[in-house]
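Below: run.cif (mmCIF, C-alpha atoms)
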data_model
loop_
_atom_site.label_atom_id
_atom_site.label_comp_id
_atom_site.auth_asym_id
_atom_site.auth_seq_id
_atom_site.Cartn_x
_atom_site.Cartn_y
_atom_site.Cartn_z
CA MET A 1 139.38 111.00 90.99
CA ASN A 2 136.42 109.93 93.09
CA ARG A 3 133.18 111.53 91.87
CA GLN A 4 129.88 111.39 93.67
CA PHE A 5 126.56 111.02 91.90
CA LEU A 6 124.80 114.32 92.52
CA GLY A 7 121.28 112.98 92.86
CA LEU A 8 120.11 113.57 89.31
CA VAL A 9 116.83 112.01 88.34
CA SER A 10 116.28 110.55 84.94
CA LEU A 11 112.95 109.29 83.71
CA VAL A 12 113.03 107.61 80.34
CA LEU A 13 110.11 106.09 78.49
CA PHE A 14 110.64 104.02 75.41
CA ALA A 15 107.43 103.46 73.53
CA ILE A 16 105.97 102.01 70.37
CA PRO A 17 102.68 103.31 69.01
CA ALA A 18 99.89 100.93 70.04
CA GLY A 19 99.14 98.33 67.38
CA ALA A 20 101.97 99.50 65.11
CA GLN A 21 105.10 97.70 64.01
CA GLN A 22 108.33 99.27 65.12
CA GLN A 23 109.84 101.03 62.07
CA SER A 24 113.47 100.87 63.15
CA SER A 25 115.57 98.94 65.59
CA GLU A 26 115.74 102.03 67.84
CA PRO A 27 112.78 102.78 70.11
CA GLN A 28 111.51 106.34 70.12
CA LEU A 29 112.80 108.36 73.06
CA LEU A 30 110.10 110.62 74.45
CA ASN A 31 110.53 113.55 76.80
CA HIS A 32 108.62 113.51 80.09
CA GLN A 33 105.59 115.49 78.89
CA GLN A 34 105.31 113.41 75.72
CA SER A 35 105.43 110.20 77.76
CA VAL A 36 102.72 111.46 80.14
CA ASP A 37 100.50 112.54 77.21
CA ALA A 38 101.10 109.26 75.36
CA LYS A 39 100.24 107.15 78.39
CA LYS A 40 97.03 109.12 79.05
CA SER A 41 95.88 108.91 75.47
CA GLY A 42 96.61 105.19 75.16
CA LEU A 43 98.50 105.77 71.90
CA VAL A 44 101.61 104.00 73.13
CA GLU A 45 102.50 100.92 75.09
CA PRO A 46 105.41 101.36 77.45
CA LEU A 47 108.26 98.94 76.77
CA ALA A 48 110.52 100.06 79.56
CA GLU A 49 110.16 102.76 82.12
CA MET A 50 113.14 103.37 84.28
CA SER A 51 113.72 105.76 87.15
CA ILE A 52 117.30 106.16 88.27
CA LEU A 53 117.60 107.68 91.71
CA SER A 54 120.68 108.20 93.79
CA LYS A 55 120.49 106.83 97.30
CA ASP A 56 121.48 110.35 98.36
CA MET A 57 118.58 111.92 96.45
CA PRO A 58 116.59 113.97 98.96
CA ILE A 59 113.00 112.96 99.66
CA GLN A 60 110.60 115.44 98.07
CA ARG A 61 107.34 114.78 99.97
CA LEU A 62 106.30 114.01 103.52
CA GLY A 63 104.57 110.83 102.34
CA ASP A 64 107.82 109.46 100.89
CA ILE A 65 109.55 109.44 104.26
CA LYS A 66 110.11 105.91 105.53
CA LYS A 67 113.00 106.28 108.01
CA ILE A 68 113.34 108.94 110.71
CA PHE A 69 116.13 109.77 113.12
CA ILE A 70 114.98 111.43 116.35
CA SER A 71 117.68 113.87 117.43
CA PRO A 72 118.12 114.89 121.07
CA LEU A 73 115.39 117.36 122.04
CA GLY A 74 117.53 119.69 124.13
CA THR A 75 118.89 119.44 127.64
CA ALA A 76 115.94 120.71 129.69
CA ASP A 77 114.35 118.57 132.40
CA GLY A 78 112.40 115.71 130.85
CA SER A 79 113.66 116.23 127.28
CA GLU A 80 115.32 112.81 127.03
CA LEU A 81 112.28 111.10 128.57
CA ILE A 82 110.01 112.71 125.96
CA ARG A 83 112.46 111.75 123.17
CA GLN A 84 112.48 108.11 124.28
CA LYS A 85 108.68 108.03 124.48
CA VAL A 86 108.42 109.50 120.96
CA ILE A 87 110.82 106.82 119.67
CA SER A 88 108.87 104.06 121.41
CA LYS A 89 105.51 105.26 120.10
CA LEU A 90 106.79 105.76 116.53
CA VAL A 91 108.25 102.24 116.48
CA LYS A 92 104.89 100.86 117.61
CA SER A 93 103.08 102.82 114.89
CA THR A 94 104.73 100.65 112.17
CA ILE A 95 104.27 103.44 109.61
CA ILE A 96 107.81 104.75 110.13
CA THR A 97 111.13 103.06 110.83
CA VAL A 98 113.15 104.83 113.51
CA VAL A 99 116.89 104.60 112.85
CA GLU A 100 119.89 105.12 115.14
CA SER A 101 121.89 107.31 112.76
CA PRO A 102 120.97 110.47 110.86
CA ASP A 103 122.94 109.08 107.88
CA ASP A 104 120.44 106.21 107.58
CA ALA A 105 117.36 108.46 107.79
CA ASP A 106 115.20 110.07 105.12
CA ALA A 107 114.41 112.87 107.60
CA ILE A 108 115.40 114.10 111.04
CA LEU A 109 112.95 115.07 113.77
CA SER A 110 114.52 117.77 115.92
CA GLY A 111 113.42 120.50 118.28
CA ALA A 112 113.04 121.08 122.00
CA ALA A 113 111.18 119.37 124.81
CA GLU A 114 110.72 120.19 128.47
CA VAL A 115 108.81 118.98 131.50
CA ARG A 116 108.14 121.57 134.22
CA HIS A 117 107.01 120.94 137.78
CA GLN A 118 105.31 123.76 139.67
CA MET A 119 104.30 123.63 143.30
CA TYR A 120 101.04 125.32 144.26
CA LEU A 121 99.08 126.06 147.41
CA TYR A 122 95.50 127.14 147.86
CA GLY A 123 93.18 127.76 150.74
CA SER A 124 93.85 129.67 153.96
CA GLY A 125 94.74 129.05 157.58
CA SER A 126 94.56 125.41 158.55
CA GLY A 127 92.77 124.57 155.29
CA LEU A 128 95.87 124.86 153.11
CA ASN A 129 96.11 122.35 150.32
CA GLY A 130 98.59 122.02 147.54
CA GLY A 131 100.28 119.83 145.07
CA THR A 132 102.44 119.74 142.00
CA ARG A 133 101.29 120.84 138.61
CA THR A 134 103.28 119.37 135.74
CA SER A 135 103.37 120.66 132.22
CA ALA A 136 105.26 119.44 129.17
CA SER A 137 106.14 121.28 125.99
CA LEU A 138 107.36 119.87 122.72
CA VAL A 139 108.21 121.91 119.64
CA VAL A 140 109.62 119.95 116.69
CA HIS A 141 110.17 119.99 112.96
CA LEU A 142 110.87 117.21 110.47
CA THR A 143 113.67 118.14 108.08
CA GLY A 144 114.79 116.25 104.99
CA LYS A 145 118.37 115.75 103.85
CA GLY A 146 117.88 118.60 101.39
CA LYS A 147 117.26 120.88 104.43
CA GLN A 148 113.57 121.32 103.55
CA ILE A 149 111.15 121.31 106.47
CA PHE A 150 108.31 118.88 105.74
CA TRP A 151 106.30 119.22 108.93
CA SER A 152 106.31 120.94 112.31
CA ASP A 153 104.26 120.86 115.49
CA ASP A 154 103.99 122.67 118.82
CA ILE A 155 102.39 120.66 121.61
CA ARG A 156 101.77 121.69 125.20
CA SER A 157 100.24 119.65 127.96
CA ARG A 158 99.21 120.42 131.52
CA ILE A 159 98.49 117.40 133.66
CA LEU A 160 98.46 116.93 137.45
CA MET A 161 100.33 113.60 137.34
CA PRO A 162 104.03 114.14 136.45
CA LEU A 163 104.60 111.05 134.28
CA ASN A 164 101.47 111.60 132.19
CA SER A 165 102.49 114.99 130.82
CA SER A 166 105.50 113.58 128.95
CA SER A 167 103.40 110.69 127.62
CA ASN A 168 100.66 113.09 126.63
CA VAL A 169 102.89 115.27 124.42
CA ALA A 170 104.64 112.20 122.93
CA ASP A 171 101.25 110.62 122.10
CA LYS A 172 99.98 113.82 120.46
CA LEU A 173 103.18 114.26 118.44
CA VAL A 174 103.16 110.72 117.08
CA LYS A 175 99.43 110.87 116.33
CA ASN A 176 99.81 114.18 114.44
CA LEU A 177 102.91 113.04 112.53
CA VAL A 178 101.45 109.67 111.52
CA GLU A 179 98.21 111.35 110.39
CA ALA A 180 100.17 113.90 108.31
CA ILE A 181 102.30 111.19 106.65
CA GLU A 182 99.27 108.99 105.91
CA ALA A 183 97.32 111.95 104.51
CA ASP A 184 100.20 112.84 102.17
CA ARG A 185 100.58 109.19 101.10
CA ASN A 186 96.84 109.09 100.33
CA ARG A 187 97.14 112.29 98.25
CA ILE A 188 100.02 110.71 96.32
CA ALA A 189 98.07 107.47 95.76
CA GLN A 190 95.01 109.35 94.46
CA LYS A 191 96.99 111.12 91.75
#
Let me see whether you can do it: turn the structure in this file into structure tokens.
Amino acid sequence: MNRQFLGLVSLVLFAIPAGAQQQSSEPQLLNHQQSVDAKKSGLVEPLAEMSILSKDMPIQRLGDIKKIFISPLGTADGSELIRQKVISKLVKSTIITVVESPDDADAILSGAAEVRHQMYLYGSGSGLNGGTRTSASLVVHLTGKGKQIFWSDDIRSRILMPLNSSSNVADKLVKNLVEAIEADRNRIAQK
């Protein structure tokens, strides 16, 4: 029978009281709270600390995410262009690895994107002028393998030049996501 490891986490700390001789051949097994208290107080010296994680263990924090899959962002006009620009900008950021398969990712960025073109006229008589107003919308969320949503964003842009609106929302998304990941990593590092 083929059994899969279910993603259990085990943290074990074997310790000997600082400056003391070990009384028996067996190290003392401490529970998690005892190991935390012992480390803080300096009463023990860790001999071995081991964390056993399944590769399928879901990521628990935004700052732990290293690999992202960008799913298609719908079928509306401009959605694939925005998706490709997000991928390109995330790759250039070097903070995240973008992968080609959701199976290889820690989290999946999904949602909807659209670029709209609207013609407009103003003036009167022979003084009519007009142009094209372009807007882009991008609504996304970053979901872990455990189906928890780590982050979401809603970005809208209105620009007169059609190609800039898709770049604008992609730039804002990547900037906001990278800042959120870095902020969470900094919170983790400060603890």
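Here the PyMOL selection byres ((chain A and resi 67) around 7) matches the residues Ile65, Lys66, Ile68, Phe69, Ile96, Thr97, Val98, Val99, Ala105, Asp106 and Ala107 of chain A.
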Using the chain letters and numbers from the file, give me the residues hit by the PyMOL selection byres ((chain A and resi 126-139) around 10), as a PDB file with C-alpha atoms, in the frame of the given file.
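Dumped everything to out.pdb:
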ATOM      1  CA  LEU A  73     115.390 117.360 122.040  1.00  0.00           C
ATOM      2  CA  ASP A  77     114.350 118.570 132.400  1.00  0.00           C
ATOM      3  CA  GLY A  78     112.400 115.710 130.850  1.00  0.00           C
ATOM      4  CA  SER A  79     113.660 116.230 127.280  1.00  0.00           C
ATOM      5  CA  ILE A  82     110.010 112.710 125.960  1.00  0.00           C
ATOM      6  CA  ARG A  83     112.460 111.750 123.170  1.00  0.00           C
ATOM      7  CA  SER A 110     114.520 117.770 115.920  1.00  0.00           C
ATOM      8  CA  GLY A 111     113.420 120.500 118.280  1.00  0.00           C
ATOM      9  CA  ALA A 112     113.040 121.080 122.000  1.00  0.00           C
ATOM     10  CA  ALA A 113     111.180 119.370 124.810  1.00  0.00           C
ATOM     11  CA  GLU A 114     110.720 120.190 128.470  1.00  0.00           C
ATOM     12  CA  VAL A 115     108.810 118.980 131.500  1.00  0.00           C
ATOM     13  CA  ARG A 116     108.140 121.570 134.220  1.00  0.00           C
ATOM     14  CA  HIS A 117     107.010 120.940 137.780  1.00  0.00           C
ATOM     15  CA  GLN A 118     105.310 123.760 139.670  1.00  0.00           C
ATOM     16  CA  MET A 119     104.300 123.630 143.300  1.00  0.00           C
ATOM     17  CA  TYR A 120     101.040 125.320 144.260  1.00  0.00           C
ATOM     18  CA  LEU A 121      99.080 126.060 147.410  1.00  0.00           C
ATOM     19  CA  TYR A 122      95.500 127.140 147.860  1.00  0.00           C
ATOM     20  CA  GLY A 123      93.180 127.760 150.740  1.00  0.00           C
ATOM     21  CA  SER A 124      93.850 129.670 153.960  1.00  0.00           C
ATOM     22  CA  GLY A 125      94.740 129.050 157.580  1.00  0.00           C
ATOM     23  CA  VAL A 140     109.620 119.950 116.690  1.00  0.00           C
ATOM     24  CA  HIS A 141     110.170 119.990 112.960  1.00  0.00           C
ATOM     25  CA  SER A 152     106.310 120.940 112.310  1.00  0.00           C
ATOM     26  CA  ASP A 153     104.260 120.860 115.490  1.00  0.00           C
ATOM     27  CA  ASP A 154     103.990 122.670 118.820  1.00  0.00           C
ATOM     28  CA  ILE A 155     102.390 120.660 121.610  1.00  0.00           C
ATOM     29  CA  ARG A 156     101.770 121.690 125.200  1.00  0.00           C
ATOM     30  CA  SER A 157     100.240 119.650 127.960  1.00  0.00           C
ATOM     31  CA  ARG A 158      99.210 120.420 131.520  1.00  0.00           C
ATOM     32  CA  ILE A 159      98.490 117.400 133.660  1.00  0.00           C
ATOM     33  CA  LEU A 160      98.460 116.930 137.450  1.00  0.00           C
ATOM     34  CA  MET A 161     100.330 113.600 137.340  1.00  0.00           C
ATOM     35  CA  PRO A 162     104.030 114.140 136.450  1.00  0.00           C
ATOM     36  CA  LEU A 163     104.600 111.050 134.280  1.00  0.00           C
ATOM     37  CA  ASN A 164     101.470 111.600 132.190  1.00  0.00           C
ATOM     38  CA  SER A 165     102.490 114.990 130.820  1.00  0.00           C
ATOM     39  CA  SER A 166     105.500 113.580 128.950  1.00  0.00           C
ATOM     40  CA  SER A 167     103.400 110.690 127.620  1.00  0.00           C
ATOM     41  CA  ASN A 168     100.660 113.090 126.630  1.00  0.00           C
ATOM     42  CA  VAL A 169     102.890 115.270 124.420  1.00  0.00           C
ATOM     43  CA  ALA A 170     104.640 112.200 122.930  1.00  0.00           C
ATOM     44  CA  LYS A 172      99.980 113.820 120.460  1.00  0.00           C
ATOM     45  CA  LEU A 173     103.180 114.260 118.440  1.00  0.00           C
TER      46      LEU A 173
END
Output as JSON lines one row per residue of range 87-137 of chain A within 12 Å of range 175-183 of chain A: the closest atom pair and its distance in Å to one decimal place, counting all atoms listed in the file, sorted by chain and residue number ascending.
{"residue": "A:Lys89", "atom": "CA", "partner": "A:Lys175", "partner_atom": "CA", "distance": 9.1}
{"residue": "A:Leu90", "atom": "CA", "partner": "A:Val178", "partner_atom": "CA", "distance": 8.3}
{"residue": "A:Val91", "atom": "CA", "partner": "A:Val178", "partner_atom": "CA", "distance": 11.2}
{"residue": "A:Lys92", "atom": "CA", "partner": "A:Val178", "partner_atom": "CA", "distance": 11.2}
{"residue": "A:Ser93", "atom": "CA", "partner": "A:Val178", "partner_atom": "CA", "distance": 7.8}
{"residue": "A:Thr94", "atom": "CA", "partner": "A:Val178", "partner_atom": "CA", "distance": 9.6}
{"residue": "A:Ile95", "atom": "CA", "partner": "A:Val178", "partner_atom": "CA", "distance": 7.1}
{"residue": "A:Ile96", "atom": "CA", "partner": "A:Val178", "partner_atom": "CA", "distance": 8.2}
{"residue": "A:Thr97", "atom": "CA", "partner": "A:Val178", "partner_atom": "CA", "distance": 11.7}
{"residue": "A:Leu109", "atom": "CA", "partner": "A:Leu177", "partner_atom": "CA", "distance": 10.3}
Kindly compute an axis-aligned box around the listed atoms of range 80-83 of chain A, allowing 5 Å on each side, and express its centre and edge lengths in Å to one decimal as JSON.
{"center_x": 112.7, "center_y": 112.0, "center_z": 125.9, "size_x": 15.3, "size_y": 11.7, "size_z": 15.4}
Selection in question (the file shown): the PyMOL selection byres ((chain A and resi 188) around 12). Which residues does it include, as a tab-separated table (two decimals) with C-alpha atoms, in the coordinates of the input?
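Contents of result-v6.tsv, freshly written:
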chain	number	residue	atom	x	y	z
A	60	GLN	CA	110.60	115.44	98.07
A	61	ARG	CA	107.34	114.78	99.97
A	62	LEU	CA	106.30	114.01	103.52
A	63	GLY	CA	104.57	110.83	102.34
A	64	ASP	CA	107.82	109.46	100.89
A	181	ILE	CA	102.30	111.19	106.65
A	182	GLU	CA	99.27	108.99	105.91
A	183	ALA	CA	97.32	111.95	104.51
A	184	ASP	CA	100.20	112.84	102.17
A	185	ARG	CA	100.58	109.19	101.10
A	186	ASN	CA	96.84	109.09	100.33
A	187	ARG	CA	97.14	112.29	98.25
A	189	ALA	CA	98.07	107.47	95.76
A	190	GLN	CA	95.01	109.35	94.46
A	191	LYS	CA	96.99	111.12	91.75
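The coordinates place CA of Val174 in chain A at 18.9 Å from CA of Pro102 in chain A.
With CA of Ile59 in chain A on one side and CA of Lys145 in chain A on the other, the separation reads 7.4 Å.
Between CA of Glu80 in chain A and CA of Phe150 in chain A the interatomic distance comes to 23.2 Å.
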